[in-house]
Amino acid sequence: MTRAITTRQETTALTLALFMVQFIAASAAVAGDLVFTPRDIAGWETRQFKGPVEYRLVRQDGREALHAVCTGKGASARYLKREIDLRETPILEWSWRIQGTFSDRDERTKAGDDYPVRVYAVVDGGLLGWRTLAVNYVWASARPAGSAWPNAYASQAKMLALQSGSARAGEWITERRDLASDFQRLHGASPAVIHGLAIMTDCDDVGQPMEGWYGEIRVRPR
């Protein structure tokens, strides 16, 4: 009887030990991840360029999301000022959703420089503003997916269309990008860190109302 109890205790201890090993391994796999929920993003600093854009937390398709509503002359972002080491966490992942896209505009011009959703990373040039670099991941209205071009207002910001058109409007799309590789490809630079992340929906140049949704953002190791 005593031996049976001892064996049961040993089995329980072994099971618990195996569980802890698996738990620690799983935790280590994501230990380097930086996770920003829609609630976190809603609390980021507001950067307003023209009129305000309404950003509010909602439940969309059964998940928490940050809903952006631009009514015609809005251009404001939610910006996180934080240093992120690209040598440790170069991968940026997020999900987004649109209602539709703008019509009859060329995003390479100032008149067409609006996007239903965009996510961007910034390397701050400090007092030397011309040294500030940005990669803007956008859902384009007209430019094809995979195309890149300098921003119409600031050439040191490069635009990269990951989605294009309204064929997938109403659908959640998950994106994954290598920030280090994209800065190298688009700017010919290899920054060790970025200094900020942002999301932005704007409609001030086109003048058409627009809506977009943002899900969780993650920065993680390769």
# chains A, B, ... in the order shown; residues from 1 in each chain; ligands from 1
call {"tool": "residues_around", "arguments": {"residues": "Pro116 in chain A", "least_positions_apart": "3", "cutoff": "9 Å", "atoms": "only C-alpha atoms", "output": "PyMOL selection string"}}
result
chain A and resi 68+70+97-102+138-141+200-203+210-213
call {"tool": "write_last_selection", "arguments": {"atoms": "C-alpha atoms", "output": "compact mmCIF listing (two decimals), in the first residue's frame"}}
result
# COMPACT_ATOMS: atom_id res chain seq x y z
CA ALA A 68 -10.73 54.60 -37.06
CA CYS A 70 -12.24 59.73 -40.82
CA ARG A 97 -9.37 45.57 -41.91
CA ILE A 98 -10.95 48.17 -44.20
CA GLN A 99 -14.44 49.19 -45.23
CA GLY A 100 -13.35 50.28 -48.71
CA THR A 101 -10.76 52.34 -50.57
CA PHE A 102 -10.58 55.79 -52.15
CA VAL A 138 -0.20 50.90 -46.38
CA TRP A 139 -3.39 49.47 -47.81
CA ALA A 140 -3.40 51.29 -51.13
CA SER A 141 -6.40 52.33 -53.18
CA MET A 200 -2.92 56.16 -39.03
CA THR A 201 -6.08 56.52 -41.09
CA ASP A 202 -6.37 59.76 -43.04
CA CYS A 203 -8.69 61.31 -45.63
CA MET A 210 -13.12 56.44 -44.67
CA GLU A 211 -13.07 53.78 -41.96
CA GLY A 212 -10.46 51.23 -40.92
CA TRP A 213 -9.82 48.76 -38.10
call {"tool": "select_by_dssp", "arguments": {"residues": "chain A", "states": "alpha helix (DSSP H)", "output": "PyMOL selection string"}}
result
chain A and resi 2-30+38-42+179-187
call {"tool": "residues_around", "arguments": {"residues": "Tyr55 in chain A", "least_positions_apart": "5", "cutoff": "7 Å", "atoms": "only C-alpha atoms", "output": "number ranges by chain"}}
result
A: 42, 66-69
call {"tool": "write_last_selection", "arguments": {"atoms": "C-alpha atoms", "output": "PDB file, in the first residue's frame"}}
result
ATOM      1  CA  ALA A  42      -5.829  53.560 -28.194  1.00  0.00           C
ATOM      2  CA  LEU A  66      -9.383  49.944 -32.754  1.00  0.00           C
ATOM      3  CA  HIS A  67     -11.888  51.523 -35.142  1.00  0.00           C
ATOM      4  CA  ALA A  68     -10.734  54.603 -37.063  1.00  0.00           C
ATOM      5  CA  VAL A  69     -13.376  56.931 -38.500  1.00  0.00           C
TER       6      VAL A  69
END
call {"tool": "select_by_dssp", "arguments": {"residues": "range 15-117 of chain A", "states": "strand (DSSP E)", "output": "ChimeraX atom specification"}}
result
/A:34-36,45-48,54-60,63-70,75-85,91-98,115-117
call {"tool": "write_last_selection", "arguments": {"atoms": "C-alpha atoms", "output": "mmCIF file, in the first residue's frame"}}
result
data_model
loop_
_atom_site.group_PDB
_atom_site.id
_atom_site.type_symbol
_atom_site.label_atom_id
_atom_site.label_comp_id
_atom_site.auth_asym_id
_atom_site.auth_seq_id
_atom_site.Cartn_x
_atom_site.Cartn_y
_atom_site.Cartn_z
ATOM 1 C CA LEU A 34 6.387 43.053 -27.570
ATOM 2 C CA VAL A 35 2.604 42.905 -27.731
ATOM 3 C CA PHE A 36 0.344 45.939 -28.153
ATOM 4 C CA GLU A 45 0.035 59.634 -28.099
ATOM 5 C CA THR A 46 -2.054 61.514 -30.680
ATOM 6 C CA ARG A 47 -0.166 63.132 -33.552
ATOM 7 C CA GLN A 48 -2.554 65.432 -35.419
ATOM 8 C CA GLU A 54 -11.842 59.283 -34.234
ATOM 9 C CA TYR A 55 -10.184 56.177 -32.821
ATOM 10 C CA ARG A 56 -12.299 54.052 -30.494
ATOM 11 C CA LEU A 57 -12.280 50.544 -29.096
ATOM 12 C CA VAL A 58 -14.948 48.232 -30.522
ATOM 13 C CA ARG A 59 -15.826 44.582 -30.899
ATOM 14 C CA GLN A 60 -15.543 43.709 -34.574
ATOM 15 C CA ARG A 63 -12.534 40.455 -31.540
ATOM 16 C CA GLU A 64 -11.308 43.661 -29.945
ATOM 17 C CA ALA A 65 -10.245 46.282 -32.472
ATOM 18 C CA LEU A 66 -9.383 49.944 -32.754
ATOM 19 C CA HIS A 67 -11.888 51.523 -35.142
ATOM 20 C CA ALA A 68 -10.734 54.603 -37.063
ATOM 21 C CA VAL A 69 -13.376 56.931 -38.500
ATOM 22 C CA CYS A 70 -12.235 59.733 -40.820
ATOM 23 C CA ALA A 75 -5.292 63.228 -40.562
ATOM 24 C CA SER A 76 -4.188 62.093 -37.131
ATOM 25 C CA ALA A 77 -2.176 59.158 -35.880
ATOM 26 C CA ARG A 78 -1.660 57.146 -32.729
ATOM 27 C CA TYR A 79 2.076 57.139 -32.060
ATOM 28 C CA LEU A 80 4.217 55.121 -29.647
ATOM 29 C CA LYS A 81 7.564 56.704 -28.825
ATOM 30 C CA ARG A 82 9.700 53.736 -27.823
ATOM 31 C CA GLU A 83 13.110 52.420 -28.763
ATOM 32 C CA ILE A 84 12.936 48.912 -30.226
ATOM 33 C CA ASP A 85 16.104 46.945 -30.962
ATOM 34 C CA ILE A 91 9.714 41.231 -37.100
ATOM 35 C CA LEU A 92 6.558 43.357 -37.100
ATOM 36 C CA GLU A 93 3.181 41.590 -37.179
ATOM 37 C CA TRP A 94 -0.317 43.067 -37.110
ATOM 38 C CA SER A 95 -3.829 42.656 -38.443
ATOM 39 C CA TRP A 96 -6.034 45.222 -40.133
ATOM 40 C CA ARG A 97 -9.371 45.568 -41.908
ATOM 41 C CA ILE A 98 -10.946 48.173 -44.202
ATOM 42 C CA TYR A 115 -4.904 55.550 -46.808
ATOM 43 C CA PRO A 116 -7.720 53.605 -45.146
ATOM 44 C CA VAL A 117 -5.137 52.019 -42.837
#
call {"tool": "residues_around", "arguments": {"residues": "Thr109 in chain A", "least_positions_apart": "4", "cutoff": "12 Å", "atoms": "only C-alpha atoms", "output": "list in words"}}
result
Asp104, Arg105, Asp113, Asp114, Ala142, Arg143, Trp149, Pro150, Asn151, Ala152, Tyr153, Ala154, Ser155, Asp205 and Val206 of chain A
call {"tool": "atom_distance", "arguments": {"atom1": "CA of Asp40 in chain A", "atom2": "CA of Ile173 in chain A"}}
result
19.8 Å
call {"tool": "closest_residue", "arguments": {"among": "A:Asp204, A:Asp182, A:Glu88, A:Asp33", "to": "Tyr120 in chain A", "atoms": "only C-alpha atoms"}}
result
A:Asp182
call {"tool": "atom_distance", "arguments": {"atom1": "CA of Gly215 in chain A", "atom2": "CA of Ala169 in chain A"}}
result
15.0 Å
call {"tool": "atom_distance", "arguments": {"atom1": "CA of Ala180 in chain A", "atom2": "CA of Glu107 in chain A"}}
result
24.5 Å
call {"tool": "residues_around", "arguments": {"residues": "Gln184 in chain A", "least_positions_apart": "6", "cutoff": "12 Å", "atoms": "only C-alpha atoms", "output": "list in words"}}
result
Leu86, Leu133, Ala134, Val135, Lys158, Asp178, Ser190, Pro191 and Ala192 of chain A
call {"tool": "write_last_selection", "arguments": {"atoms": "N, CA and C atoms", "output": "PDB file, in the first residue's frame"}}
result
ATOM      1  N   LEU A  86      16.184  46.338 -33.314  1.00  0.00           N
ATOM      2  CA  LEU A  86      15.933  45.474 -34.465  1.00  0.00           C
ATOM      3  C   LEU A  86      16.880  44.287 -34.523  1.00  0.00           C
ATOM      4  N   LEU A 133      13.909  58.680 -40.753  1.00  0.00           N
ATOM      5  CA  LEU A 133      13.495  57.717 -41.770  1.00  0.00           C
ATOM      6  C   LEU A 133      12.222  57.010 -41.308  1.00  0.00           C
ATOM      7  N   ALA A 134      11.366  56.696 -42.256  1.00  0.00           N
ATOM      8  CA  ALA A 134      10.143  55.967 -41.916  1.00  0.00           C
ATOM      9  C   ALA A 134       9.814  54.979 -43.011  1.00  0.00           C
ATOM     10  N   VAL A 135       9.263  53.852 -42.601  1.00  0.00           N
ATOM     11  CA  VAL A 135       8.673  52.885 -43.524  1.00  0.00           C
ATOM     12  C   VAL A 135       7.184  52.819 -43.207  1.00  0.00           C
ATOM     13  N   LYS A 158       9.149  56.244 -46.818  1.00  0.00           N
ATOM     14  CA  LYS A 158       8.875  55.370 -47.960  1.00  0.00           C
ATOM     15  C   LYS A 158       7.581  54.615 -47.722  1.00  0.00           C
ATOM     16  N   ASP A 178       9.657  42.083 -42.064  1.00  0.00           N
ATOM     17  CA  ASP A 178      10.979  42.164 -41.454  1.00  0.00           C
ATOM     18  C   ASP A 178      11.424  43.625 -41.546  1.00  0.00           C
ATOM     19  N   SER A 190      20.711  50.452 -42.356  1.00  0.00           N
ATOM     20  CA  SER A 190      20.582  49.315 -41.439  1.00  0.00           C
ATOM     21  C   SER A 190      20.542  49.819 -40.010  1.00  0.00           C
ATOM     22  N   PRO A 191      19.453  50.473 -39.609  1.00  0.00           N
ATOM     23  CA  PRO A 191      19.389  50.999 -38.238  1.00  0.00           C
ATOM     24  C   PRO A 191      19.369  49.867 -37.211  1.00  0.00           C
ATOM     25  N   ALA A 192      20.078  50.086 -36.104  1.00  0.00           N
ATOM     26  CA  ALA A 192      20.072  49.089 -35.030  1.00  0.00           C
ATOM     27  C   ALA A 192      18.767  49.128 -34.260  1.00  0.00           C
TER      28      ALA A 192
END
